[in-house]
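One file, final05.cif, is given below (mmCIF, C-alpha atoms).
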data_coords
loop_
_atom_site.label_atom_id
_atom_site.label_comp_id
_atom_site.auth_asym_id
_atom_site.auth_seq_id
_atom_site.Cartn_x
_atom_site.Cartn_y
_atom_site.Cartn_z
CA MET I 1 46.96 -57.00 -177.48
CA LYS I 2 44.05 -58.55 -179.20
CA ALA I 3 40.86 -56.55 -179.18
CA MET I 4 38.11 -58.03 -177.09
CA THR I 5 35.14 -59.26 -179.02
CA ASP I 6 31.88 -57.39 -178.37
CA PHE I 7 29.40 -60.26 -178.20
CA ARG I 8 26.51 -57.78 -178.17
CA ARG I 9 27.26 -56.93 -181.79
CA LEU I 10 27.33 -60.53 -182.98
CA PRO I 11 24.27 -61.58 -184.95
CA LEU I 12 21.97 -63.96 -183.14
CA LEU I 13 21.65 -67.47 -184.47
CA SER I 14 18.43 -68.20 -186.28
CA GLY I 15 15.74 -69.72 -184.03
CA HIS I 16 16.99 -68.15 -180.80
CA PRO I 17 15.10 -65.32 -179.09
CA ARG I 18 16.54 -61.89 -178.75
CA PRO I 19 17.64 -60.98 -175.22
CA GLY I 20 14.86 -59.34 -173.25
CA ARG I 21 12.03 -60.58 -175.55
CA LEU I 22 9.37 -63.08 -174.43
CA THR I 23 8.84 -65.85 -176.95
CA MET I 24 5.26 -67.24 -177.18
CA ARG I 25 5.30 -71.02 -177.00
CA PRO I 26 2.88 -72.70 -179.45
CA TRP I 27 1.04 -74.55 -176.64
CA LEU I 28 0.66 -71.52 -174.38
CA PRO I 29 -2.65 -70.15 -175.86
CA ALA I 30 -4.38 -73.50 -175.36
CA LEU I 31 -3.13 -73.68 -171.77
CA LEU I 32 -4.38 -70.17 -171.02
CA ALA I 33 -7.79 -70.95 -172.54
CA ALA I 34 -8.14 -74.11 -170.44
CA PHE I 35 -7.18 -72.18 -167.31
CA LEU I 36 -9.78 -69.54 -168.08
CA VAL I 37 -12.53 -72.16 -168.47
CA VAL I 38 -11.63 -73.80 -165.16
CA CYS I 39 -11.55 -70.45 -163.41
CA LEU I 40 -14.91 -69.35 -164.75
CA SER I 41 -16.58 -72.64 -163.87
CA GLY I 42 -15.02 -72.78 -160.42
CA CYS I 43 -15.41 -69.14 -159.52
CA GLY I 44 -18.99 -68.75 -160.74
CA LYS I 45 -22.21 -69.14 -158.76
CA PRO I 46 -22.90 -72.57 -157.25
CA PRO I 47 -25.55 -74.66 -159.06
CA MET I 48 -29.11 -74.21 -157.82
CA LEU I 49 -30.46 -77.03 -155.66
CA VAL I 50 -33.44 -78.84 -157.22
CA ASN I 51 -35.93 -80.11 -154.61
CA GLN I 52 -37.62 -83.43 -155.35
CA TYR I 53 -41.01 -84.44 -153.97
CA LEU I 54 -42.96 -87.65 -153.37
CA LEU I 55 -46.51 -88.41 -152.30
CA GLU I 56 -46.96 -89.15 -148.63
CA TYR I 57 -50.15 -90.43 -146.99
CA PRO I 58 -51.32 -93.47 -144.99
CA ALA I 59 -52.86 -96.36 -146.86
CA PRO I 60 -56.68 -96.16 -146.81
CA VAL I 61 -58.39 -98.29 -144.14
CA THR I 62 -60.69 -100.90 -145.68
CA GLY I 63 -61.29 -103.33 -142.84
CA GLY I 64 -64.33 -105.52 -142.25
CA LYS I 65 -64.46 -107.10 -145.70
CA ALA I 66 -63.72 -110.70 -146.61
CA LYS I 67 -60.63 -111.36 -148.70
CA LEU I 68 -61.33 -112.47 -152.27
CA PRO I 69 -59.73 -115.76 -153.37
CA GLU I 70 -58.47 -114.10 -156.57
CA ALA I 71 -55.27 -112.26 -157.46
CA LEU I 72 -55.11 -108.81 -159.04
CA LYS I 73 -52.44 -107.31 -161.30
CA VAL I 74 -51.94 -103.56 -161.65
CA GLU I 75 -50.40 -102.40 -164.91
CA LEU I 76 -48.26 -99.27 -165.20
CA PHE I 77 -50.55 -96.26 -165.67
CA SER I 78 -50.11 -94.23 -168.83
CA VAL I 79 -49.86 -90.42 -168.64
CA ALA I 80 -51.41 -87.67 -170.75
CA GLN I 81 -48.64 -85.99 -172.74
CA ALA I 82 -49.09 -82.63 -171.01
CA PHE I 83 -48.18 -84.22 -167.66
CA ASN I 84 -45.75 -86.90 -168.84
CA THR I 85 -42.79 -85.33 -167.04
CA ASN I 86 -41.13 -85.17 -163.63
CA ALA I 87 -41.63 -81.40 -163.63
CA MET I 88 -44.21 -79.97 -161.23
CA VAL I 89 -46.80 -78.53 -163.59
CA TYR I 90 -49.10 -75.67 -162.63
CA GLN I 91 -51.80 -73.70 -164.42
CA PRO I 92 -51.52 -69.98 -163.53
CA GLN I 93 -54.47 -69.05 -165.75
CA PRO I 94 -56.88 -70.89 -168.06
CA PHE I 95 -55.19 -72.15 -171.25
CA GLN I 96 -51.71 -71.66 -169.72
CA SER I 97 -49.23 -74.22 -168.41
CA GLN I 98 -45.98 -73.60 -166.50
CA VAL I 99 -43.53 -75.63 -164.39
CA TYR I 100 -41.55 -74.88 -161.24
CA ASN I 101 -37.89 -74.25 -162.10
CA TYR I 102 -36.24 -75.76 -159.01
CA SER I 103 -38.82 -78.31 -157.85
CA ARG I 104 -39.64 -81.68 -159.42
CA TRP I 105 -41.51 -84.88 -158.68
CA ARG I 106 -39.16 -87.71 -157.75
CA ALA I 107 -40.77 -89.91 -160.42
CA ASN I 108 -43.13 -89.61 -163.37
CA PRO I 109 -46.82 -89.27 -162.34
CA GLY I 110 -47.63 -92.61 -163.98
CA ASN I 111 -45.05 -94.38 -161.79
CA LEU I 112 -46.13 -92.49 -158.66
CA VAL I 113 -49.81 -93.35 -159.08
CA THR I 114 -49.08 -96.98 -159.94
CA ASP I 115 -46.67 -97.53 -157.05
CA TYR I 116 -48.97 -96.01 -154.42
CA LEU I 117 -52.04 -97.80 -155.72
CA ILE I 118 -50.22 -101.13 -155.56
CA ARG I 119 -49.09 -100.34 -152.02
CA ASP I 120 -52.61 -99.42 -150.93
CA LEU I 121 -54.18 -102.50 -152.53
CA ARG I 122 -51.68 -104.75 -150.79
CA GLU I 123 -52.25 -102.99 -147.47
CA SER I 124 -56.01 -103.49 -147.85
CA GLY I 125 -55.67 -107.28 -147.73
CA LEU I 126 -58.79 -107.62 -149.90
CA PHE I 127 -57.22 -109.81 -152.60
CA LYS I 128 -55.38 -113.10 -152.53
CA ALA I 129 -52.38 -111.31 -154.05
CA VAL I 130 -51.61 -108.01 -155.75
CA PHE I 131 -48.99 -108.02 -158.50
CA GLY I 132 -47.14 -105.12 -160.10
CA PRO I 133 -46.42 -104.50 -163.79
CA ASP I 134 -43.25 -106.62 -163.87
CA SER I 135 -44.71 -109.62 -162.06
CA SER I 136 -45.40 -112.92 -163.84
CA GLY I 137 -47.69 -114.38 -161.18
CA ASN I 138 -51.06 -115.92 -161.95
CA TYR I 139 -54.02 -113.58 -161.62
CA ARG I 140 -57.64 -113.30 -162.72
CA PHE I 141 -58.26 -109.55 -162.57
CA LYS I 142 -56.18 -106.81 -164.16
CA LEU I 143 -56.35 -103.11 -163.39
CA GLU I 144 -55.29 -100.70 -166.13
CA GLY I 145 -55.45 -96.93 -166.12
CA GLY I 146 -54.09 -93.56 -167.07
CA VAL I 147 -53.25 -90.22 -165.49
CA ALA I 148 -55.40 -87.60 -167.22
CA GLU I 149 -54.38 -84.69 -164.97
CA PHE I 150 -51.66 -84.18 -162.38
CA GLN I 151 -51.10 -80.48 -161.71
CA GLU I 152 -51.62 -77.39 -159.61
CA VAL I 153 -54.51 -75.13 -160.61
CA ASP I 154 -54.28 -71.50 -159.49
CA ALA I 155 -57.90 -70.38 -159.33
CA ALA I 156 -59.29 -67.08 -158.06
CA ASP I 157 -60.89 -68.85 -155.08
CA GLY I 158 -57.68 -70.67 -154.12
CA TRP I 159 -54.87 -72.89 -155.35
CA GLN I 160 -55.64 -76.60 -155.71
CA ALA I 161 -54.02 -79.88 -156.63
CA SER I 162 -55.96 -81.49 -159.47
CA LEU I 163 -55.72 -85.27 -159.92
CA ALA I 164 -57.72 -87.13 -162.58
CA LEU I 165 -57.41 -90.85 -163.34
CA THR I 166 -59.13 -93.28 -165.70
CA VAL I 167 -59.34 -96.91 -164.56
CA THR I 168 -60.43 -100.12 -166.26
CA LEU I 169 -60.87 -103.47 -164.50
CA LEU I 170 -60.58 -106.58 -166.70
CA ASP I 171 -61.50 -110.22 -166.06
CA THR I 172 -58.84 -112.26 -167.86
CA THR I 173 -60.90 -115.46 -167.73
CA GLN I 174 -63.20 -114.05 -170.44
CA GLU I 175 -62.10 -114.54 -174.05
CA GLU I 176 -64.18 -111.81 -175.71
CA LEU I 177 -63.28 -108.18 -174.94
CA PRO I 178 -66.84 -107.05 -174.04
CA GLY I 179 -67.01 -109.78 -171.45
CA ARG I 180 -63.57 -108.97 -170.08
CA VAL I 181 -64.38 -105.38 -169.14
CA VAL I 182 -65.76 -105.42 -165.59
CA PHE I 183 -65.91 -101.63 -165.30
CA GLN I 184 -64.36 -98.43 -166.63
CA LYS I 185 -64.49 -95.28 -164.52
CA ASN I 186 -63.10 -91.77 -164.26
CA TYR I 187 -61.95 -90.28 -160.96
CA ARG I 188 -61.12 -86.63 -160.27
CA VAL I 189 -60.31 -84.79 -157.06
CA LEU I 190 -59.53 -81.11 -156.44
CA GLU I 191 -57.71 -80.68 -153.14
CA PRO I 192 -56.91 -77.22 -151.63
CA MET I 193 -53.22 -76.49 -151.14
CA PRO I 194 -52.24 -75.60 -147.54
CA GLU I 195 -49.63 -73.16 -148.88
CA LYS I 196 -48.78 -71.67 -152.27
CA THR I 197 -45.49 -73.52 -152.71
CA PRO I 198 -44.26 -76.77 -154.30
CA GLN I 199 -44.37 -78.26 -150.80
CA GLY I 200 -48.03 -77.27 -150.55
CA LEU I 201 -48.68 -78.88 -153.95
CA ALA I 202 -47.06 -82.14 -152.81
CA GLN I 203 -49.19 -82.16 -149.65
CA ALA I 204 -52.43 -81.48 -151.51
CA MET I 205 -51.65 -84.02 -154.25
CA SER I 206 -50.97 -86.62 -151.55
CA ARG I 207 -54.41 -86.06 -150.03
CA ALA I 208 -55.99 -86.19 -153.50
CA MET I 209 -54.29 -89.53 -154.21
CA GLU I 210 -55.42 -90.86 -150.83
CA GLN I 211 -59.06 -90.13 -151.70
CA VAL I 212 -58.85 -91.50 -155.24
CA SER I 213 -57.03 -94.61 -154.10
CA ALA I 214 -59.73 -95.42 -151.51
CA ARG I 215 -62.45 -95.07 -154.14
CA ILE I 216 -60.61 -97.22 -156.68
CA ILE I 217 -59.94 -99.95 -154.11
CA ASN I 218 -63.58 -100.04 -153.02
CA ASP I 219 -64.92 -100.08 -156.61
CA THR I 220 -62.41 -102.73 -157.68
CA TYR I 221 -63.20 -104.95 -154.73
CA GLU I 222 -67.00 -104.72 -155.15
CA ALA I 223 -66.84 -105.33 -158.90
CA ALA I 224 -64.44 -108.26 -158.53
CA ARG I 225 -66.54 -109.74 -155.71
CA ASN I 226 -69.70 -109.58 -157.82
CA ARG I 227 -67.92 -111.09 -160.81
CA THR I 228 -66.44 -113.87 -158.66
CA ALA I 229 -69.80 -114.66 -157.09
CA GLY I 230 -71.37 -114.90 -160.53
CA LYS I 231 -68.41 -116.95 -161.83
#

Could you spell out this file's structure in structure tokens?
Amino acid sequence: MKAMTDFRRLPLLSGHPRPGRLTMRPWLPALLAAFLVVCLSGCGKPPMLVNQYLLEYPAPVTGGKAKLPEALKVELFSVAQAFNTNAMVYQPQPFQSQVYNYSRWRANPGNLVTDYLIRDLRESGLFKAVFGPDSSGNYRFKLEGGVAEFQEVDAADGWQASLALTVTLLDTTQEELPGRVVFQKNYRVLEPMPEKTPQGLAQAMSRAMEQVSARIINDTYEAARNRTAGK
């Protein structure tokens, strides 16, 4: 009788794993790493919600004045570098500047001020037409300006929204620059915050913009009316 072959004693062929041993595939480490990344990103804390704020106020009432037969264009307001951001800036102490981590303005302060001023000027009905920065319509007067301050100020006597604008009205019918400048003015309003939160800042800044807008509209109208009457 032939002896039975003991296959357990036969040498294993090169390249084959030994029985009972786990062979590491070359692609397995990369797969495990990818799985770990997905798990960590999916199992971690959910991202924090960032609240976004806009200005909200009724257009100033300017009734009882005759409409001017001239059009006005409002250029996009520039912004001081310290406030040229969508972040909600606040001043906790003099010489310090901070921002809210999870609250932002919906748009840059220059865009906010420009958009609301155009809306208010149109609602006033005091000019033949009011054009925005991208309009190519014909106009005589041009309003340019800049945002010098757009922030919360935390003072000892209370927290306030601080809004400061510079505005220049130009008469485009004049060739020389000195004759083109109708007026150049600075406007600043400090408005108390109803609550010490980003929501309170948005409410106070809205009231500040309402006051500044009414003053700009009145000054622009009176200056343009005088210039038009004098031709």

Please evaluate the PyMOL selection byres ((chain I and resi 59) around 6) against the displayed coordinates and give the resulting residues as a VMD selection string.
-> chain I and resid 58 60 120

Go ahead and dump the residues you just picked, C-alpha atoms, as a PDB file, in the coordinates of the input.
ATOM      1  CA  PRO I  58     -51.320 -93.470-144.990  1.00  0.00           C
ATOM      2  CA  PRO I  60     -56.680 -96.160-146.810  1.00  0.00           C
ATOM      3  CA  ASP I 120     -52.610 -99.420-150.930  1.00  0.00           C
TER       4      ASP I 120
END

Per-residue nearest contacts stretch 117-208 of chain I to stretch 86-93 of chain I, cut-off 12 Å, using all atoms listed in the file, as CSV:
residue,atom,partner,partner_atom,distance
I:Glu149,CA,I:Val89,CA,9.9
I:Phe150,CA,I:Val89,CA,7.6
I:Gln151,CA,I:Val89,CA,5.1
I:Glu152,CA,I:Tyr90,CA,4.3
I:Val153,CA,I:Gln91,CA,4.9
I:Asp154,CA,I:Pro92,CA,5.1
I:Ala155,CA,I:Gln93,CA,7.4
I:Ala156,CA,I:Gln93,CA,9.3
I:Gly158,CA,I:Pro92,CA,11.3
I:Trp159,CA,I:Pro92,CA,9.3
I:Gln160,CA,I:Tyr90,CA,9.6
I:Ala161,CA,I:Tyr90,CA,8.8
I:Ser162,CA,I:Tyr90,CA,9.5
I:Leu163,CA,I:Val89,CA,11.8
I:Lys196,CA,I:Tyr90,CA,11.1
I:Thr197,CA,I:Met88,CA,10.8
I:Pro198,CA,I:Met88,CA,7.6
I:Gln199,CA,I:Met88,CA,10.6
I:Gly200,CA,I:Met88,CA,11.7
I:Leu201,CA,I:Met88,CA,8.6
I:Ala202,CA,I:Met88,CA,9.2
I:Met205,CA,I:Met88,CA,11.0

Can you write out as a tab-separated table which residues of stretch 137-195 of chain I fall within 10 Å of stretch 217-226 of chain I, alongside each residue's closest atom pair and its distance in Å to one decimal, counting all atoms listed in the file and ordering rows by chain and ascending residue number?
residue	atom	partner	partner_atom	distance
I:Arg140	CA	I:Ala224	CA	9.4
I:Phe141	CA	I:Ala224	CA	7.5
I:Lys142	CA	I:Thr220	CA	9.9
I:Leu143	CA	I:Thr220	CA	8.3
I:Val167	CA	I:Thr220	CA	9.5
I:Thr168	CA	I:Thr220	CA	9.2
I:Leu169	CA	I:Thr220	CA	7.0
I:Leu170	CA	I:Ala224	CA	9.2
I:Asp171	CA	I:Ala224	CA	8.3
I:Val182	CA	I:Ala223	CA	6.8
I:Phe183	CA	I:Ala223	CA	7.5
I:Lys185	CA	I:Asp219	CA	9.3

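For I:Asn51, the set of protein, DNA and RNA residues having any atom at most 8 Å away, when counting all atoms listed in the file and skipping those fewer than 2 positions along the same chain, is Leu49, Tyr53, Tyr102, Ser103 and Arg104 of chain I.
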
7 Å contact set for I:Leu68, all atoms listed in the file, chain neighbours under 5 positions out, as a VMD selection string = chain I and resid 126 to 128 225

Quote the spacing between atom CA of I:Ala148 and atom CA of I:Met193 in Å to one decimal place.
-> 19.7 Å

Would you please work out which residue, of I:Phe131, I:Leu121, I:Val74, I:Val50, is nearest to I:Arg106 when using all atoms listed in the file?
->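 Among I:Phe131, I:Leu121, I:Val74, I:Val50, it is I:Val50 that comes nearest to I:Arg106.
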
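Once the PyMOL selection byres ((chain I and resi 56) around 8) is applied to this file, the selection holds Leu54, Leu55, Tyr57, Pro58, Gln203 and Ser206 of chain I.
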
As lines of an AutoDock Vina configuration file, what would the box around stretch 215-228 of chain I look like: edges along x, y and z, 5 Å added on every side, centre and edge lengths in Å to one decimal?
center_x = -64.8
center_y = -104.5
center_z = -156.9
size_x = 19.8
size_y = 28.8
size_z = 17.8

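Residues matching the PyMOL selection byres ((chain I and resi 78-81) around 9) in this structure come to Leu76, Phe77, Ala82, Phe83, Asn84, Thr85, Asn108, Pro109, Gly110, Asn111, Glu144, Gly145, Gly146, Val147, Ala148 and Glu149 of chain I.
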
To one decimal place, how far is atom CA of I:Arg119 from atom CA of I:Asp134 in Å?
-> 14.6 Å

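Separating atom CA of I:Leu117 from atom CA of I:Ile216 is a distance of 8.6 Å.
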
Identify which of the residues I:Arg215, I:Gly125, I:Gly137, I:Arg207 lies closest to I:Pro192, counting only C-alpha atoms when measuring atom-to-atom distances.
->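 Looking at the shortest contact to I:Pro192, the residue is I:Arg207.
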